[in-house]
Amino acid sequence: MSAVRDAESGMSVLHDEAWFAARASRGVQGLKAYDPGHDLVAFRRKYGTENLVELGSNENPYGPSPAARAAIVAQLDSLHRYPDPLGADLKRALAAKHGVETNRILLGNGSHELLMLLAQVFAGPGDDVVFSRYGFAVFALATQAAGASRIVVDALPDDHPVMPLGHDLDAIATAITPATKLVYLANPNNPTGTWFGREAFAAFMAKVPSDVIVVMDEAYAEMADADADAATALPFLSSHPNLLLTRTFSKAYGLAGLRVGYLIGAPGLVAVMERLRESFNVNGPALAACEAALGDVAHLDSGCERNSAQRIELARALERRDLRTYPSQTNFLLVRFGPQTAQVEAALTARGVVLRPMGGYGLPECLRITVGNPDENRRLLAALDDVLETLR
Ligand SMILES: *Cc1c(COP(=O)(O)O)cnc(C)c1O
């Protein structure tokens, strides 16, 4: 990079990342960009898509409903038009599905966008945002970008008999102070896979002051089956206007490439968020595809059923190899590989099997494995057996 001479001082100035960071807002100064894991595009080029087993991003191996694809194709003649800035058709379909009014729904370019926007709207310098250790990475990112303070609450202990590393709702409630503006929860949570039930959540909400906004990230809610109870905070919305939930089309609906998520909350909350939402944040093909996907309940259900069956089978297969898996109600498993984790991960990557390292989450002895389809899981286990044999 070439340096530029400063007109006043005559000194040469390098306009590098540090120079621009010094000019960024305070929250952004301390920020690290979201770590997407591996460079998958480079891997695809290197190994070829056929030879790669991509189990690092919790994508849906069964893909979206064919109706979503058809809806996108039908949109291709309208690409010169702006999309509906209100996303009214999709909102109506979502409102009908969830039994809520349309003015309780806000659409996002992925739920990631909404999680970021929530902190931007409701928290700033001097405010606290509370979330669990091992909670979804975007919670910390959103808080810091907004310039607010991160209050990270210890998770349930690793030897907890029911939900190791899960959210400790009692401790989270206790961490709330008058400075707290926002609490982020994920149920089920990524990267742990852990969840909590309805009774525990009711007890938690009873302790939260009504001026604190509680965000329930339910990215995997459609997949939860063990505890029908665990599935959603939806029934609490009418009695708790300070509660909202976020959902996504990226996981159970298999539409991660389209970037669509949504929020359900109080109409007043949605109205305030609308002030900052970019007018055309969800594109036309995506709006049409998601509406169509909502209509194909059979596809959603069959994908979720296949995922549950494969998750149980994969967890058993890993346990048979003396690898500890954490309880999960999602399409991934957190797996403890111990001190050799980095070597195992590198050796699997060299064999074209991509998992998600967990060092960034403070779990360097674990890897997160997306539950694939039967063929992907077979290839993963074969590569793993090979790797464990060579490392022994
Ligand atoms: C994948 C995921 C999301 C969302 O993603 P988008 O693709 O941005 O909708 C949100 N929360 C959690 C916990 C996730 O795992």
# chains A, B, ... in the order shown; residues from 1 in each chain; ligands from 1
>>> closest_atom_pairs(of="chain A", to="ligand 1", cutoff="10 Å", atoms="only C-alpha atoms and all ligand atoms", output="tab-separated table")
residue	atom	partner	partner_atom_place_in_ligand_line	distance
A:Ser57	CA	ligand 1	1 (C)	7.7
A:Asn58	CA	ligand 1	1 (C)	6.9
A:Glu59	CA	ligand 1	1 (C)	8.2
A:Gly108	CA	ligand 1	9 (O)	8.0
A:Asn109	CA	ligand 1	8 (O)	6.9
A:Gly110	CA	ligand 1	9 (O)	3.5
A:Ser111	CA	ligand 1	9 (O)	3.7
A:His112	CA	ligand 1	8 (O)	3.6
A:Glu113	CA	ligand 1	8 (O)	6.4
A:Leu114	CA	ligand 1	8 (O)	8.1
A:Leu115	CA	ligand 1	10 (C)	7.9
A:Met116	CA	ligand 1	8 (O)	9.9
A:Gly135	CA	ligand 1	13 (C)	7.8
A:Phe136	CA	ligand 1	13 (C)	5.1
A:Ala137	CA	ligand 1	13 (C)	8.0
A:Val138	CA	ligand 1	11 (N)	7.6
A:Phe139	CA	ligand 1	11 (N)	9.0
A:Leu185	CA	ligand 1	13 (C)	8.9
A:Ala186	CA	ligand 1	13 (C)	5.9
A:Asn187	CA	ligand 1	13 (C)	7.8
A:Pro188	CA	ligand 1	13 (C)	7.5
A:Asn189	CA	ligand 1	13 (C)	5.5
A:Asn190	CA	ligand 1	13 (C)	4.6
A:Pro191	CA	ligand 1	15 (O)	7.1
A:Thr192	CA	ligand 1	13 (C)	9.6
A:Gly193	CA	ligand 1	13 (C)	9.1
A:Met216	CA	ligand 1	11 (N)	9.4
A:Asp217	CA	ligand 1	11 (N)	5.7
A:Glu218	CA	ligand 1	11 (N)	6.9
A:Ala219	CA	ligand 1	11 (N)	4.9
A:Tyr220	CA	ligand 1	15 (O)	7.1
A:Ala221	CA	ligand 1	13 (C)	10.0
A:Thr246	CA	ligand 1	10 (C)	7.8
A:Arg247	CA	ligand 1	9 (O)	6.9
A:Thr248	CA	ligand 1	9 (O)	4.3
A:Phe249	CA	ligand 1	9 (O)	6.3
A:Ser250	CA	ligand 1	7 (O)	4.7
A:Lys251	CA	ligand 1	1 (C)	6.5
A:Gly254	CA	ligand 1	7 (O)	10.0
A:Leu255	CA	ligand 1	7 (O)	8.4
A:Ala256	CA	ligand 1	7 (O)	5.5
A:Gly257	CA	ligand 1	7 (O)	8.1
A:Leu258	CA	ligand 1	7 (O)	8.5
A:Arg259	CA	ligand 1	7 (O)	5.7
A:Val260	CA	ligand 1	9 (O)	5.8
A:Gly261	CA	ligand 1	9 (O)	4.7
A:Tyr262	CA	ligand 1	9 (O)	7.9
A:Thr330	CA	ligand 1	15 (O)	9.1
A:Asn331	CA	ligand 1	15 (O)	9.6
A:Phe332	CA	ligand 1	15 (O)	9.6
>>> residues_around(residues="stretch 377-382 of chain A", least_positions_apart="5", cutoff="9 Å", atoms="only C-alpha atoms", output="compact mmCIF listing (two decimals) with N, CA, C and O atoms, in the first residue's frame")
# COMPACT_ATOMS: atom_id res chain seq x y z
N VAL A 53 -17.42 -32.48 1.63
CA VAL A 53 -18.55 -32.73 2.54
C VAL A 53 -18.65 -31.49 3.43
O VAL A 53 -17.85 -31.30 4.34
N LEU A 55 -20.10 -29.59 6.19
CA LEU A 55 -20.92 -29.73 7.40
C LEU A 55 -20.50 -28.69 8.44
O LEU A 55 -20.44 -28.97 9.63
N GLN A 310 -31.49 -38.50 11.52
CA GLN A 310 -30.05 -38.50 11.22
C GLN A 310 -29.24 -37.97 12.41
O GLN A 310 -28.13 -38.43 12.67
N LEU A 314 -26.33 -40.05 14.04
CA LEU A 314 -24.97 -39.51 14.02
C LEU A 314 -24.41 -39.39 15.44
O LEU A 314 -23.25 -39.71 15.70
N ALA A 317 -23.35 -42.74 16.56
CA ALA A 317 -22.12 -43.17 15.87
C ALA A 317 -20.90 -42.48 16.48
O ALA A 317 -19.84 -43.09 16.63
N LEU A 318 -21.04 -41.22 16.84
CA LEU A 318 -19.92 -40.49 17.44
C LEU A 318 -19.63 -40.99 18.85
O LEU A 318 -18.47 -41.16 19.23
N LEU A 348 -9.28 -33.63 8.80
CA LEU A 348 -10.58 -33.79 8.11
C LEU A 348 -10.68 -32.81 6.95
O LEU A 348 -11.14 -33.16 5.86
N VAL A 353 -13.53 -32.74 4.28
CA VAL A 353 -14.68 -32.69 5.21
C VAL A 353 -14.57 -31.41 6.03
O VAL A 353 -13.62 -31.22 6.78
N VAL A 371 -25.55 -31.83 10.91
CA VAL A 371 -26.09 -33.15 10.55
C VAL A 371 -26.40 -33.12 9.06
O VAL A 371 -27.20 -32.32 8.60
N GLY A 372 -25.72 -33.98 8.32
CA GLY A 372 -25.93 -34.02 6.87
C GLY A 372 -27.00 -35.02 6.48
O GLY A 372 -27.73 -35.54 7.34
N VAL A 387 -8.95 -40.62 10.11
CA VAL A 387 -8.16 -39.62 10.84
C VAL A 387 -7.82 -40.10 12.25
O VAL A 387 -6.67 -39.99 12.70
>>> residues_around(residues="stretch 162-172 of chain A", least_positions_apart="5", cutoff="10 Å", atoms="only C-alpha atoms", output="JSON, numbers by chain")
{"A": [130, 131, 132, 133, 134, 135, 151, 152, 153, 154, 155, 156, 157, 183, 184, 185, 186, 187, 188, 189, 191, 192, 193, 194, 195, 196, 200, 201, 203, 204, 205, 207, 208, 326, 327, 328]}
>>> atom_distance(atom1="atom CA of A:Ser25", atom2="atom CA of A:Val121")
15.5 Å
>>> residues_around(residues="A:Gly124", least_positions_apart="2", cutoff="9 Å", atoms="only C-alpha atoms", output="list of chain:residue names")
A:Gly27, A:Ala119, A:Gln120, A:Val121, A:Phe122, A:Gly126, A:Asp127, A:Asp128, A:Thr143, A:Gln144, A:Ala145, A:Ala146, A:Gly147, A:Ala148, A:Ser149, A:Lys181
>>> closest_residue(among="A:Leu94, A:Ala350, A:Ile105, A:Leu76", to="A:Tyr47", atoms="only C-alpha atoms")
A:Ala350
>>> residues_around(residues="A:Arg5", least_positions_apart="5", cutoff="12 Å", atoms="only C-alpha atoms", output="compact mmCIF listing (two decimals) with N, CA and C atoms, in the first residue's frame")
# COMPACT_ATOMS: atom_id res chain seq x y z
N GLY A 10 3.58 17.16 6.84
CA GLY A 10 4.63 16.69 5.94
C GLY A 10 5.00 15.24 6.18
N MET A 11 4.36 14.61 7.20
CA MET A 11 4.66 13.21 7.52
C MET A 11 3.94 12.30 6.53
N SER A 12 4.51 11.14 6.32
CA SER A 12 3.85 10.20 5.43
C SER A 12 2.86 9.35 6.24
N VAL A 13 1.65 9.23 5.72
CA VAL A 13 0.56 8.55 6.44
C VAL A 13 0.10 7.33 5.65
N LEU A 14 0.03 6.22 6.33
CA LEU A 14 -0.42 4.99 5.69
C LEU A 14 -1.92 4.81 6.00
N HIS A 15 -2.75 4.81 4.99
CA HIS A 15 -4.19 4.66 5.21
C HIS A 15 -4.56 3.18 5.28
>>> atom_distance(atom1="atom CA of A:Thr174", atom2="atom CA of A:Val215")
16.7 Å
>>> select_by_dssp(residues="stretch 41-100 of chain A", states="helix (DSSP H, G or I)", output="PyMOL selection string")
chain A and resi 41-47+49-51+66-78+88-98
>>> atom_distance(atom1="atom CA of A:Val272", atom2="atom CA of A:Ala206")
24.8 Å
>>> residues_around(residues="A:Ala292", least_positions_apart="5", cutoff="12 Å", atoms="only C-alpha atoms", output="VMD selection string")
chain A and resid 64 to 74 89 to 90 93 to 94 249 253 255 285 to 287 297 299 to 300
>>> residues_around(residues="A:Leu363", least_positions_apart="5", cutoff="10 Å", atoms="only C-alpha atoms", output="CSV table (one decimal) with N, CA and C atoms, in the first residue's frame")
chain,number,residue,atom,x,y,z
A,134,TYR,N,-21.3,-18.9,25.2
A,134,TYR,CA,-21.6,-19.8,24.2
A,134,TYR,C,-22.9,-19.5,23.5
A,191,PRO,N,-23.8,-22.3,19.3
A,191,PRO,CA,-23.3,-23.6,18.8
A,191,PRO,C,-23.6,-24.8,19.7
A,334,LEU,N,-22.7,-30.4,18.8
A,334,LEU,CA,-21.4,-29.9,19.4
A,334,LEU,C,-20.7,-31.2,19.9
A,336,ARG,N,-17.1,-33.0,21.5
A,336,ARG,CA,-15.8,-32.8,22.2
A,336,ARG,C,-14.8,-33.8,21.6
A,338,GLY,N,-11.4,-33.2,22.4
A,338,GLY,CA,-10.3,-33.2,23.4
A,338,GLY,C,-9.0,-32.4,22.8
A,357,PRO,N,-14.7,-25.1,13.5
A,357,PRO,CA,-13.9,-25.0,14.7
A,357,PRO,C,-14.6,-24.1,15.7
A,358,MET,N,-14.4,-24.3,17.0
A,358,MET,CA,-15.1,-23.6,18.0
A,358,MET,C,-14.2,-22.8,18.9
A,368,ARG,N,-18.1,-28.2,15.8
A,368,ARG,CA,-19.6,-28.3,15.6
A,368,ARG,C,-19.8,-29.0,14.2
>>> closest_residue(among="A:Val129, A:Ser78, A:Thr177, A:Lys97", to="A:Ala293", atoms="only C-alpha atoms")
A:Lys97
>>> select_by_dssp(residues="stretch 134-174 of chain A", states="strand (DSSP E)", output="ChimeraX atom specification")
/A:149-153
>>> write_last_selection(atoms="N, CA and C atoms", output="PDB file, in the first residue's frame")
ATOM      1  N   SER A 149     -22.227  -2.319  26.408  1.00  0.00           N
ATOM      2  CA  SER A 149     -21.351  -3.249  27.138  1.00  0.00           C
ATOM      3  C   SER A 149     -21.924  -4.661  27.089  1.00  0.00           C
ATOM      4  N   ARG A 150     -21.026  -5.632  26.871  1.00  0.00           N
ATOM      5  CA  ARG A 150     -21.434  -7.036  26.826  1.00  0.00           C
ATOM      6  C   ARG A 150     -21.396  -7.618  28.234  1.00  0.00           C
ATOM      7  N   ILE A 151     -22.514  -8.104  28.717  1.00  0.00           N
ATOM      8  CA  ILE A 151     -22.552  -8.804  29.995  1.00  0.00           C
ATOM      9  C   ILE A 151     -22.738 -10.285  29.671  1.00  0.00           C
ATOM     10  N   VAL A 152     -21.611 -11.024  29.758  1.00  0.00           N
ATOM     11  CA  VAL A 152     -21.634 -12.435  29.364  1.00  0.00           C
ATOM     12  C   VAL A 152     -21.832 -13.288  30.612  1.00  0.00           C
ATOM     13  N   VAL A 153     -22.941 -14.011  30.669  1.00  0.00           N
ATOM     14  CA  VAL A 153     -23.307 -14.788  31.850  1.00  0.00           C
ATOM     15  C   VAL A 153     -22.827 -16.231  31.674  1.00  0.00           C
TER      16      VAL A 153
END
